[in-house]
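Peer 1: What follows is a structure written as structure tokens; I'll ask about it next.
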Amino acid sequence: MKNIVIFGGAFDPIHFGHLNMAINASKTLNAEVFFVPARISVWKEETAPVEDKINMIDLAIKSINAGERLKISRFEADSNSDVNYTIDTVRHFASKYPGSKLYLLIGTDQVNLFQKWKEALEISKLAQIVYFERPGMVLSKDNADKFNMLSIGGDIIDASSTEIRLLKSIETPLDVLMYILNHDLYFASRVHDFLDAERYKHSVSVAKLSYEIALNNQKEDLASYFIAALLHDIGKNVPILEQKEIVERDFAAYKDVNPKIYHQFTGRVLAEKEFGILDKDILDAIEFHTTGKPGMTDLQKVVYCADKIEPTRGFDSKELISAIMNDISKGFLTILEANKKFFQDHKIDFENDLTKQCMDYYLK
Ligand SMILES: [Fe+2]
Ligand SMILES: [Fe+2]
């Protein structure tokens, strides 16, 4: 007899919390788990089209090599009704997989509200309802008894689709993040609003590389690496006179730098004002991504380097990439050295205070 878990939700987008629940349910119940993405999200403002949600679930499943146990059902996605009720989805599975044991995985927050679901009792007769218990959560014993609910143990990963949509966290596989960026979903469309096509492509490439460098160097705050890199050039397309004004007003100490460098300062202002970034390390990584400075953190070094060596830059940067993949501090020095040489070979003036200070500080 086959065991099947029905796992419905908005998945807008799918995140590590969903994936973890699905994997745990699959193991505990020895079952295949079907994600059933809803066609219409309750929160209409920020929602992605259901086809995109399905594609992202598919990428997420593949990225953790879980295709054997985790599947996608298009039942609700393909439905023509205005509203999809879970009872219809459960009936669909019951008729499609006769003789199988059906489970319905519900969110912990739904346990106490389950009596409000359409034909709740009928659902509980067709499928064994399961949920993950959360520490500190008060459960309605009435509902658990009445609908014969079963609690599944296992770690819960706290992740939130809302936070991902707002670029407050990136708790989803890199392939899903790249899909979001390449399809202008959620935060990507807001980033895109600030950048021309070429600059956007470059920023996406820097974000990916920065994330991969951080991952390879066992960094825990991958989100900082991804977000700082994605936003590093966010000030680049602001008209130069506006940038000049911002630098003269808020960064008076640097008002005499080459205008090409203004954008690192305007970038900081925009990241804070338009994207609500408060983390000082991220803001500093943006503010010094072009010039560097003495005393840089790993995050600042990685954003500085990823910007200069990302693969779409148009020169062969493989060796420099592998240097910083292996070791952030050493790789940074190698890249800084290469950058200095490039400036000298091309007779580019790098005598703006910050670049010179950075090079003098690190390349003794
Ligand atoms: Fe830049
Ligand atoms: Fe850049």
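As shown in the structure tokens, the chain order sets the letters A, B, ...; within each chain, residues go from 1, and ligands are also counted from 1 in the order they appear.
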Residues within 7 Å of ligand 1, counting only C-alpha atoms and all ligand atoms: report them as a ChimeraX atom specification.

Peer 2: /A:232-233,236,263-264,289-290

Peer 1: Enumerate as a PyMOL selection string the residues within 12 Å of ligand 2, counting only C-alpha atoms and all ligand atoms.

Peer 2: chain A and resi 195+198-207+210+228-237+260-261+263-264+267+285-291+303-310+312-313

Peer 1: Applying 12 Å and only C-alpha atoms, which residues near A:Trp117 remain after dropping the ones on its own chain fewer than 6 positions away? List them as a list in words.

Peer 2: Asn84, Tyr85, Thr86, Ile87, Asp88, Ile106, Gln110, Val111, Ile123, Ser124, Asn143 and Phe147 of chain A

Peer 1: From a DSSP pass on the backbone, collect the residues of stretch 111-187 of chain A flagged as strand (DSSP E or B) and hand them back as a ChimeraX atom specification.

Peer 2: /A:128-132,150-152

Peer 1: Go ahead and compute the interatomic distance for atom CA of A:Lys2 and atom CA of A:Glu32, in Å to one decimal.

Peer 2: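 Separating atom CA of A:Lys2 from atom CA of A:Glu32 is a distance of 8.1 Å.
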
Peer 1: Just checking: using only C-alpha atoms, which residue out of A:Val36, A:Ala271, A:Ile61, A:Ala338 ends up closest to A:His92?

Peer 2: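 Residue with the minimum atom-to-atom distance to A:His92: A:Val36.
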